[in-house]
>>> print(open('query.txt').read())   # compact mmCIF, C-alpha atoms and all ligand atoms
# COMPACT_ATOMS: atom_id res chain seq x y z
CA MET A 807 13.51 16.01 -4.55
CA LYS A 808 9.73 16.09 -4.31
CA LYS A 809 8.22 15.18 -0.96
CA ILE A 810 5.90 12.25 -0.29
CA LEU A 811 3.45 12.05 2.60
CA VAL A 812 1.75 8.80 3.61
CA ILE A 813 -1.42 9.19 5.67
CA GLY A 814 -2.47 5.80 6.99
CA SER A 815 -2.25 2.83 9.30
CA LEU A 816 0.52 1.38 11.44
CA ASN A 817 0.16 -2.13 12.86
CA LEU A 818 2.20 -4.72 14.62
CA ASP A 819 1.56 -8.18 13.17
CA MET A 820 1.85 -11.01 15.69
CA VAL A 821 2.36 -14.15 13.69
CA VAL A 822 1.99 -17.49 15.48
CA ASN A 823 2.72 -20.84 13.80
CA VAL A 824 0.31 -23.61 14.83
CA ASP A 825 -0.25 -27.25 13.80
CA HIS A 826 -3.91 -26.63 13.18
CA THR A 827 -6.24 -23.66 13.47
CA PRO A 828 -7.90 -23.81 16.93
CA ALA A 829 -11.61 -24.62 16.95
CA THR A 830 -14.03 -22.56 19.06
CA GLY A 831 -13.21 -23.14 22.73
CA GLU A 832 -9.98 -25.01 21.97
CA THR A 833 -6.60 -24.03 23.45
CA ILE A 834 -3.46 -25.07 21.60
CA LEU A 835 0.25 -24.44 22.09
CA SER A 836 2.71 -22.80 19.75
CA ASN A 837 6.48 -22.62 20.02
CA ASN A 838 7.04 -19.25 18.48
CA MET A 839 5.61 -15.83 17.83
CA GLU A 840 7.09 -13.27 15.47
CA MET A 841 6.31 -9.59 15.90
CA ILE A 842 6.45 -7.95 12.50
CA PRO A 843 5.82 -4.26 11.77
CA GLY A 844 2.97 -3.93 9.27
CA GLY A 845 -0.09 -1.90 8.37
CA LYS A 846 -0.53 -0.71 4.81
CA GLY A 847 0.41 2.88 5.58
CA ALA A 848 3.60 1.97 7.43
CA ASN A 849 4.58 -0.61 4.80
CA GLN A 850 4.24 1.99 2.07
CA ALA A 851 6.15 4.64 4.01
CA CYS A 852 8.88 2.14 4.77
CA ALA A 853 9.16 1.09 1.12
CA ALA A 854 9.36 4.71 -0.03
CA GLY A 855 12.11 5.25 2.55
CA TYR A 856 14.20 2.29 1.38
CA LEU A 857 13.79 3.52 -2.19
CA GLY A 858 15.38 6.83 -1.22
CA ALA A 859 12.35 9.14 -1.03
CA ASP A 860 11.88 12.21 1.12
CA ILE A 861 9.06 10.61 3.08
CA THR A 862 6.95 11.56 6.09
CA MET A 863 4.25 9.48 7.73
CA LEU A 864 1.12 10.76 9.45
CA GLY A 865 -0.77 8.18 11.51
CA ALA A 866 -1.52 7.18 15.10
CA VAL A 867 -0.10 4.59 17.52
CA GLY A 868 -0.50 3.77 21.20
CA CYS A 869 2.06 4.38 23.94
CA ASP A 870 3.32 0.80 23.97
CA MET A 871 6.21 -1.41 22.90
CA TYR A 872 4.43 -2.22 19.62
CA ALA A 873 4.72 1.42 18.66
CA ASP A 874 8.42 1.38 19.55
CA ILE A 875 9.03 -1.60 17.24
CA GLN A 876 7.15 0.09 14.41
CA MET A 877 8.91 3.43 14.91
CA ALA A 878 12.30 1.74 14.90
CA SER A 879 11.48 -0.01 11.62
CA LEU A 880 10.29 3.20 9.97
CA GLY A 881 13.25 5.11 11.36
CA SER A 882 15.74 2.65 9.92
CA ALA A 883 14.10 3.11 6.52
CA GLY A 884 14.64 6.88 6.79
CA VAL A 885 10.97 7.80 7.30
CA ASP A 886 10.24 11.03 9.21
CA THR A 887 8.09 9.72 12.10
CA SER A 888 8.01 12.95 14.09
CA ARG A 889 4.32 13.57 13.33
CA ILE A 890 3.06 10.11 14.22
CA ILE A 891 0.54 10.75 16.96
CA LYS A 892 0.84 8.85 20.26
CA ARG A 893 -2.48 8.07 21.93
CA THR A 894 -2.67 7.22 25.61
CA GLU A 895 -6.26 5.91 25.51
CA THR A 896 -5.72 3.01 23.10
CA THR A 897 -3.13 0.55 21.79
CA THR A 898 -1.14 0.45 18.59
CA GLY A 899 -3.04 -1.36 15.84
CA THR A 900 -2.31 -5.08 15.91
CA ALA A 901 -2.99 -8.04 13.66
CA LEU A 902 -3.21 -11.41 15.40
CA ILE A 903 -2.33 -14.03 12.81
CA THR A 904 -2.22 -17.81 13.14
CA VAL A 905 -0.60 -19.76 10.32
CA ASN A 906 -1.31 -23.51 10.34
CA SER A 907 0.87 -26.30 8.93
CA ASP A 908 -0.95 -26.07 5.55
CA GLY A 909 0.02 -22.39 5.36
CA ASP A 910 -3.60 -21.23 5.83
CA ASN A 911 -4.04 -18.25 8.09
CA CYS A 912 -6.67 -16.71 10.35
CA ILE A 913 -6.38 -13.02 11.11
CA VAL A 914 -7.98 -10.71 13.64
CA VAL A 915 -7.12 -7.04 13.15
CA VAL A 916 -7.43 -4.70 16.12
CA SER A 917 -7.56 -1.21 14.64
CA GLY A 918 -6.51 0.43 17.90
CA ALA A 919 -5.03 3.88 17.36
CA ASN A 920 -5.56 3.68 13.58
CA ALA A 921 -9.29 4.13 14.20
CA THR A 922 -8.64 7.40 16.02
CA LEU A 923 -6.95 9.28 13.18
CA SER A 924 -9.43 12.09 12.68
CA CYS A 925 -10.19 15.04 10.44
CA SER A 926 -8.86 17.35 13.14
CA ASP A 927 -5.54 15.48 13.02
CA ILE A 928 -5.44 16.37 9.32
CA ASP A 929 -6.13 20.02 10.20
CA ASP A 930 -3.49 20.00 12.95
CA ASN A 931 -0.92 18.72 10.44
CA ILE A 932 -2.04 20.72 7.43
CA ASP A 933 1.52 22.06 7.04
CA LEU A 934 2.60 18.51 6.12
CA LEU A 935 -0.01 18.39 3.37
CA LYS A 936 1.09 21.80 2.13
CA GLU A 937 4.77 20.81 2.02
CA ALA A 938 4.17 17.47 0.29
CA ASP A 939 4.01 16.97 -3.47
CA LEU A 940 2.45 13.51 -3.48
CA ILE A 941 0.09 12.20 -0.81
CA ILE A 942 -0.75 8.52 -0.46
CA PHE A 943 -3.84 7.13 1.29
CA GLN A 944 -5.11 3.60 1.95
CA LEU A 945 -8.34 2.59 3.71
CA GLU A 946 -7.19 1.22 7.09
CA ILE A 947 -7.99 4.52 8.87
CA PRO A 948 -11.50 6.03 9.14
CA LEU A 949 -13.04 6.65 5.71
CA GLU A 950 -14.19 10.07 6.82
CA THR A 951 -10.57 11.04 7.50
CA VAL A 952 -9.42 9.70 4.13
CA CYS A 953 -12.13 11.67 2.30
CA TYR A 954 -11.37 14.81 4.27
CA GLY A 955 -7.61 14.50 3.82
CA ALA A 956 -7.86 13.70 0.11
CA LYS A 957 -10.21 16.63 -0.45
CA LYS A 958 -7.77 18.99 1.29
CA ALA A 959 -4.84 17.52 -0.63
CA LYS A 960 -6.62 17.94 -3.95
CA ALA A 961 -7.61 21.53 -3.09
CA LEU A 962 -3.94 22.22 -2.35
CA GLY A 963 -3.05 20.95 -5.84
CA LYS A 964 -1.22 17.82 -4.66
CA THR A 965 -1.02 14.52 -6.50
CA VAL A 966 -3.32 12.17 -4.58
CA ILE A 967 -2.69 8.42 -4.77
CA LEU A 968 -5.24 5.97 -3.36
CA ASP A 969 -4.52 2.34 -2.62
CA PRO A 970 -8.16 1.34 -2.04
CA ALA A 971 -7.55 -1.48 0.45
CA PRO A 972 -9.41 -2.88 2.19
CA VAL A 973 -12.47 -1.98 0.11
CA PRO A 974 -15.28 -1.06 2.52
CA LYS A 975 -18.87 -2.27 2.09
CA GLU A 976 -19.90 1.26 1.19
CA PHE A 977 -17.11 2.93 -0.78
CA PRO A 978 -17.60 6.71 -0.63
CA LYS A 979 -17.94 7.64 -4.32
CA GLU A 980 -17.06 11.24 -3.46
CA LEU A 981 -13.47 10.07 -2.91
CA TYR A 982 -12.97 9.38 -6.64
CA ARG A 983 -13.18 13.11 -7.32
CA TYR A 984 -10.11 13.82 -5.20
CA VAL A 985 -7.92 10.99 -6.48
CA ASP A 986 -5.39 11.36 -9.30
CA ILE A 987 -4.15 7.77 -9.29
CA ILE A 988 -5.96 4.70 -7.96
CA LYS A 989 -4.20 1.36 -7.59
CA PRO A 990 -6.53 -1.56 -6.86
CA ASN A 991 -5.59 -5.22 -7.24
CA GLU A 992 -8.03 -7.47 -9.10
CA THR A 993 -10.15 -8.30 -6.06
CA GLU A 994 -10.40 -4.67 -5.04
CA LEU A 995 -11.34 -3.61 -8.58
CA ARG A 996 -14.07 -6.25 -8.65
CA MET A 997 -15.44 -4.99 -5.33
CA LEU A 998 -15.25 -1.34 -6.41
CA THR A 999 -17.02 -1.87 -9.73
CA GLY A 1000 -19.24 -4.88 -9.01
CA ILE A 1001 -17.91 -6.47 -12.21
CA ASP A 1002 -17.26 -10.23 -11.90
CA ARG A 1003 -14.58 -12.13 -13.88
CA ILE A 1004 -12.64 -8.89 -13.73
CA GLU A 1005 -9.63 -10.17 -15.66
CA SER A 1006 -11.56 -10.25 -18.92
CA HIS A 1007 -13.33 -6.95 -18.17
CA LEU A 1008 -10.45 -4.66 -17.24
CA PRO A 1009 -11.19 -1.95 -19.86
CA GLU A 1010 -14.85 -1.84 -18.81
CA ALA A 1011 -13.95 -1.68 -15.10
CA SER A 1012 -11.35 1.03 -15.52
CA ARG A 1013 -13.72 3.02 -17.77
CA GLN A 1014 -16.22 2.88 -14.92
CA LEU A 1015 -13.67 4.41 -12.52
CA ARG A 1016 -12.63 6.97 -15.15
CA SER A 1017 -16.26 8.04 -15.50
CA GLN A 1018 -16.34 8.75 -11.73
CA GLY A 1019 -13.46 11.20 -12.06
CA VAL A 1020 -10.21 9.22 -11.58
CA LYS A 1021 -7.73 10.03 -14.33
CA ASN A 1022 -5.25 7.22 -13.85
CA ILE A 1023 -5.95 3.59 -12.96
CA LEU A 1024 -3.30 0.97 -12.30
CA VAL A 1025 -4.53 -2.51 -11.59
CA THR A 1026 -1.99 -4.93 -10.14
CA LEU A 1027 -2.62 -8.45 -11.40
CA GLY A 1028 -0.20 -10.51 -9.28
CA GLU A 1029 1.85 -12.84 -11.48
CA LYS A 1030 0.09 -11.38 -14.53
CA GLY A 1031 1.68 -7.95 -14.03
CA VAL A 1032 -0.04 -4.59 -14.25
CA TYR A 1033 -2.82 -2.97 -16.30
CA VAL A 1034 -2.44 0.79 -16.81
CA ASP A 1035 -5.19 3.08 -18.04
CA SER A 1036 -4.04 6.68 -17.95
CA GLU A 1037 -5.43 9.89 -19.34
CA GLU A 1038 -1.98 10.83 -20.67
CA ALA A 1039 -0.61 7.57 -22.07
CA GLY A 1040 -3.71 5.46 -22.75
CA ILE A 1041 -3.93 1.76 -22.01
CA CYS A 1042 -1.00 -0.63 -21.65
CA ARG A 1043 -0.12 -3.95 -20.00
CA ILE A 1044 3.17 -4.50 -18.17
CA PRO A 1045 4.06 -8.19 -17.82
CA ALA A 1046 5.25 -9.40 -14.41
CA ILE A 1047 8.93 -10.27 -14.06
CA PRO A 1048 9.15 -14.08 -13.98
CA VAL A 1049 10.31 -15.00 -10.47
CA ASP A 1050 9.85 -17.78 -7.92
CA ALA A 1051 7.41 -16.05 -5.58
CA ILE A 1052 7.58 -17.30 -1.99
CA ASP A 1053 5.62 -14.63 -0.07
CA THR A 1054 3.45 -11.96 -1.67
CA THR A 1055 3.00 -9.94 1.54
CA ALA A 1056 3.52 -6.23 0.81
CA ALA A 1057 3.68 -6.79 -2.98
CA GLY A 1058 0.92 -4.25 -3.53
CA ASP A 1059 2.18 -1.86 -0.84
CA SER A 1060 5.69 -1.79 -2.28
CA PHE A 1061 4.20 -1.26 -5.74
CA THR A 1062 2.27 1.82 -4.57
CA ALA A 1063 5.31 3.24 -2.81
CA ALA A 1064 7.67 2.61 -5.71
CA LEU A 1065 5.22 4.25 -8.07
CA ALA A 1066 5.09 7.37 -5.89
CA VAL A 1067 8.88 7.48 -5.54
CA MET A 1068 9.39 7.46 -9.30
CA LEU A 1069 6.67 10.07 -9.86
CA ALA A 1070 8.46 12.20 -7.25
CA GLU A 1071 11.60 11.82 -9.37
CA GLY A 1072 9.70 13.25 -12.35
CA LYS A 1073 9.15 9.98 -14.25
CA SER A 1074 6.00 9.38 -16.32
CA LEU A 1075 3.25 7.16 -14.92
CA GLN A 1076 4.20 4.35 -17.28
CA GLU A 1077 7.92 4.55 -16.40
CA ALA A 1078 7.00 4.60 -12.72
CA ALA A 1079 4.78 1.52 -13.14
CA VAL A 1080 7.57 -0.38 -14.92
CA PHE A 1081 9.93 0.40 -12.03
CA ALA A 1082 7.31 -0.55 -9.42
CA ASN A 1083 6.78 -3.86 -11.19
CA TYR A 1084 10.50 -4.64 -10.69
CA VAL A 1085 10.37 -3.63 -7.02
CA SER A 1086 7.36 -5.87 -6.30
CA ALA A 1087 9.00 -8.76 -8.16
CA ILE A 1088 11.89 -8.59 -5.67
CA VAL A 1089 9.50 -8.28 -2.72
CA VAL A 1090 7.64 -11.50 -3.59
CA THR A 1091 10.90 -13.48 -3.60
CA ARG A 1092 11.52 -12.58 0.07
CA LYS A 1093 9.65 -13.36 3.29
CA GLY A 1094 7.94 -10.69 5.36
CA ALA A 1095 6.45 -7.26 4.84
CA GLN A 1096 8.79 -4.35 5.60
CA SER A 1097 11.73 -6.74 5.82
CA SER A 1098 11.27 -7.80 2.18
CA ILE A 1099 11.59 -4.32 0.69
CA PRO A 1100 14.75 -3.67 -1.35
CA THR A 1101 16.87 -0.53 -1.36
CA LEU A 1102 17.11 1.65 -4.46
CA GLN A 1103 20.58 0.29 -5.16
CA GLU A 1104 19.34 -3.30 -4.99
CA VAL A 1105 16.54 -2.49 -7.43
CA GLN A 1106 18.95 -0.77 -9.84
CA GLN A 1107 21.29 -3.78 -9.78
CA TYR A 1108 18.34 -6.12 -10.27
CA ILE A 1109 17.07 -4.17 -13.29
CA GLN A 1110 20.58 -4.23 -14.85
CA HIS A 1111 20.76 -7.97 -14.25
CA ILE A 1112 17.36 -8.65 -15.86
CA GLU A 1113 18.15 -6.35 -18.82
CA ALA A 1114 21.50 -8.08 -19.34
CA GLU A 1115 19.80 -11.49 -19.26
CA LYS A 1116 17.25 -10.33 -21.84
CA ALA A 1117 20.01 -9.02 -24.13
CA SER A 1118 22.08 -12.25 -24.00
P1 LIG B 1 -1.61 -7.29 -3.70
O1 LIG B 1 -0.41 -7.51 -2.84
O2 LIG B 1 -2.30 -6.00 -3.44
O3 LIG B 1 -2.57 -8.45 -3.78
P2 LIG B 1 -0.72 -8.13 -6.34
O4 LIG B 1 -0.80 -9.55 -5.91
O5 LIG B 1 -1.55 -7.74 -7.52
O6 LIG B 1 -1.02 -7.10 -5.18
O7 LIG B 1 0.82 -7.84 -6.66
C1 LIG B 1 1.32 -6.54 -6.83
C2 LIG B 1 2.44 -6.58 -7.84
O8 LIG B 1 3.49 -7.44 -7.35
C3 LIG B 1 2.08 -7.18 -9.20
O9 LIG B 1 1.46 -6.23 -10.04
C4 LIG B 1 3.46 -7.59 -9.70
O10 LIG B 1 4.18 -6.45 -10.12
C5 LIG B 1 4.11 -8.12 -8.43
N1 LIG B 1 3.88 -9.56 -8.24
C6 LIG B 1 2.95 -10.16 -7.45
N2 LIG B 1 2.99 -11.51 -7.56
C7 LIG B 1 4.00 -11.78 -8.44
C8 LIG B 1 4.57 -12.99 -8.97
N3 LIG B 1 4.12 -14.18 -8.61
N4 LIG B 1 5.59 -12.86 -9.85
C9 LIG B 1 6.07 -11.66 -10.20
N5 LIG B 1 5.58 -10.48 -9.74
C10 LIG B 1 4.56 -10.53 -8.87
>>> encode(input="query.txt", output="structure tokens")
Amino acid sequence: MKKILVIGSLNLDMVVNVDHTPATGETILSNNMEMIPGGKGANQACAAGYLGADITMLGAVGCDMYADIQMASLGSAGVDTSRIIKRTETTTGTALITVNSDGDNCIVVVSGANATLSCSDIDDNIDLLKEADLIIFQLEIPLETVCYGAKKAKALGKTVILDPAPVPKEFPKELYRYVDIIKPNETELRMLTGIDRIESHLPEASRQLRSQGVKNILVTLGEKGVYVDSEEAGICRIPAIPVDAIDTTAAGDSFTAALAVMLAEGKSLQEAAVFANYVSAIVVTRKGAQSSIPTLQEVQQYIQHIEAEKAS
């Protein structure tokens, strides 16, 4: 089986339910706090693990209990965490999230150790890049490190996948040259291209990315499915699976991971996108991030079930 390497962020999300969002200077009480492993990199590594991939994660955490919770979650998904760097000078990345009774949230992200992942960490772990077949990046670690890592990965002949989230104010255009597959959602594509009303301008937006050097563009469109523009197979639309979505957290992350897992299995980009669309459909019917990710067996059973329903 081909190897996947995720280079990215690890966070611990602290989710607090409140009656109302506190105003400046106000103190309010809450009855509960959930500590949920998150971070786009860790979510993607975890999803790839549950889907049966040979998966390693490179990232940085602090020496604290948040790191232990995250490591345990990744470990139970079968992710190789042995190269996750432990920093003594900072904390594990955390997201402080309040959710009010209307379901609206306020989030403060503390980058912590994620902000310390450096180009020299890439050099120190270059053997991981050499051993991997597919390498996935997101943008919750320093952009300089992403550019450096992607450039190295490309030079080594690896398949480079970029989940361009969150889109920075100044996206480094150089990065496009090192990326084989980019997977923005609609908002990210709008920010990357500057094209408004993106839904009716998908061909124009993806052409713009193609002209910068990216060969394959997959745009996730939430309940509207996926738009694929690939050098090999041309343009196609994959409709979303009709489901009752209750929580879309990690929908995009699980999509990216599932895509990589199927490419590692030798599937075409279009086949991989169809599979990823099924995986994300399951994820949005469950609460949580890493906890909502299905196993390969669950996905296979789900696909059989949907196919059987279509046939009857
Ligand atoms: P992100 O989490 O990055 O915002 P999207 O919202 O575009 O990503 O969702 C990613 C994928 O998850 C979609 O392309 C689709 O496959 C699936 N998905 C998301 N929302 C729904 C939904 N309401 N019904 C079915 N599938 C969904």
>>> atom_distance(input="query.txt", atom1="CA of Ala1117 in chain A", atom2="CA of Asn1083 in chain A")
19.2 Å
>>> residues_near_ligand(input="query.txt", ligand="ligand LIG 1 (chain B)", cutoff="10 Å", atoms="only C-alpha atoms and all ligand atoms", output="PyMOL selection string")
chain A and resi 846+969-972+989-994+1024-1033+1044-1062+1079-1091
>>> residues_around(input="query.txt", residues="range 958-962 of chain A", least_positions_apart="5", cutoff="7 Å", atoms="only C-alpha atoms", output="MDAnalysis selection string")
chainID A and resid 935:936 984
>>> closest_residue(input="query.txt", among="A:Phe977, A:Tyr872, A:Phe943, A:Tyr954", to="Val812 in chain A", atoms="all atoms listed in the file")
A:Phe943
>>> residues_around(input="query.txt", residues="Thr897 in chain A", least_positions_apart="4", cutoff="12 Å", atoms="all atoms listed in the file", output="list of chain:residue names")
A:Leu816, A:Asn817, A:Leu818, A:Ala866, A:Val867, A:Gly868, A:Cys869, A:Asp870, A:Met871, A:Tyr872, A:Ala873, A:Asp874, A:Ile891, A:Lys892, A:Arg893, A:Ala901, A:Val916, A:Ser917, A:Gly918, A:Ala919, A:Asn920, A:Ala921, A:Thr922
>>> axis_aligned_box(input="query.txt", around="range 904-921 of chain A", padding_each_side="8 Å", output="JSON")
{"center_x": -4.2, "center_y": -11.1, "center_z": 11.6, "size_x": 26.2, "size_y": 46.4, "size_z": 28.5}
>>> atom_distance(input="query.txt", atom1="CA of Gly814 in chain A", atom2="CA of Lys1021 in chain A")
22.4 Å
>>> atom_distance(input="query.txt", atom1="CA of Leu1008 in chain A", atom2="CA of Glu976 in chain A")
21.5 Å
>>> closest_residue(input="query.txt", among="A:Leu880, A:Leu998, A:Val821, A:Val985", to="Ala956 in chain A", atoms="all atoms listed in the file")
A:Val985
>>> residues_around(input="query.txt", residues="Gly865 in chain A", least_positions_apart="5", cutoff="6 Å", atoms="all atoms listed in the file", output="PyMOL selection string")
chain A and resi 813-815+890
>>> build_atoms(input="query.txt", residues="range 911-921 of chain A", atoms="all heavy atoms", output="compact mmCIF listing (two decimals), keeping the file's coordinate frame")
# COMPACT_ATOMS: atom_id res chain seq x y z
N ASN A 911 -4.08 -19.14 6.93
CA ASN A 911 -4.04 -18.25 8.09
C ASN A 911 -5.41 -17.76 8.52
O ASN A 911 -6.37 -17.81 7.75
CB ASN A 911 -3.07 -17.08 7.86
CG ASN A 911 -3.45 -16.23 6.67
OD1 ASN A 911 -4.61 -16.16 6.31
ND2 ASN A 911 -2.47 -15.59 6.05
N CYS A 912 -5.49 -17.36 9.79
CA CYS A 912 -6.67 -16.71 10.35
C CYS A 912 -6.18 -15.40 10.95
O CYS A 912 -5.16 -15.40 11.64
CB CYS A 912 -7.27 -17.53 11.49
SG CYS A 912 -8.26 -18.87 10.91
N ILE A 913 -6.89 -14.32 10.68
CA ILE A 913 -6.38 -13.02 11.11
C ILE A 913 -7.47 -12.23 11.83
O ILE A 913 -8.61 -12.16 11.35
CB ILE A 913 -5.89 -12.19 9.89
CG1 ILE A 913 -4.87 -12.99 9.07
CG2 ILE A 913 -5.29 -10.86 10.35
CD1 ILE A 913 -4.37 -12.29 7.83
N VAL A 914 -7.10 -11.67 12.97
CA VAL A 914 -7.98 -10.71 13.64
C VAL A 914 -7.21 -9.39 13.68
O VAL A 914 -6.09 -9.34 14.18
CB VAL A 914 -8.31 -11.14 15.10
CG1 VAL A 914 -9.17 -10.08 15.78
CG2 VAL A 914 -9.00 -12.49 15.12
N VAL A 915 -7.80 -8.34 13.12
CA VAL A 915 -7.12 -7.04 13.15
C VAL A 915 -7.78 -6.18 14.23
O VAL A 915 -9.00 -6.04 14.26
CB VAL A 915 -7.18 -6.32 11.79
CG1 VAL A 915 -6.57 -4.93 11.88
CG2 VAL A 915 -6.46 -7.13 10.72
N VAL A 916 -6.95 -5.64 15.11
CA VAL A 916 -7.43 -4.70 16.12
C VAL A 916 -6.99 -3.32 15.63
O VAL A 916 -5.80 -3.03 15.59
CB VAL A 916 -6.78 -4.99 17.49
CG1 VAL A 916 -7.33 -4.07 18.56
CG2 VAL A 916 -6.95 -6.45 17.89
N SER A 917 -7.94 -2.50 15.25
CA SER A 917 -7.56 -1.21 14.64
C SER A 917 -6.81 -0.32 15.61
O SER A 917 -5.92 0.44 15.21
CB SER A 917 -8.80 -0.47 14.15
OG SER A 917 -9.40 -1.20 13.12
N GLY A 918 -7.19 -0.37 16.89
CA GLY A 918 -6.51 0.43 17.90
C GLY A 918 -6.41 1.89 17.49
O GLY A 918 -7.39 2.50 17.04
N ALA A 919 -5.23 2.44 17.61
CA ALA A 919 -5.03 3.88 17.36
C ALA A 919 -5.34 4.28 15.92
O ALA A 919 -5.70 5.43 15.65
CB ALA A 919 -3.59 4.26 17.72
N ASN A 920 -5.25 3.33 14.98
CA ASN A 920 -5.56 3.68 13.58
C ASN A 920 -6.98 4.25 13.46
O ASN A 920 -7.23 5.13 12.63
CB ASN A 920 -5.45 2.45 12.67
CG ASN A 920 -4.03 1.93 12.59
OD1 ASN A 920 -3.10 2.71 12.36
ND2 ASN A 920 -3.86 0.64 12.79
N ALA A 921 -7.89 3.70 14.29
CA ALA A 921 -9.29 4.13 14.20
C ALA A 921 -9.50 5.52 14.77
O ALA A 921 -10.58 6.09 14.63
CB ALA A 921 -10.17 3.12 14.94
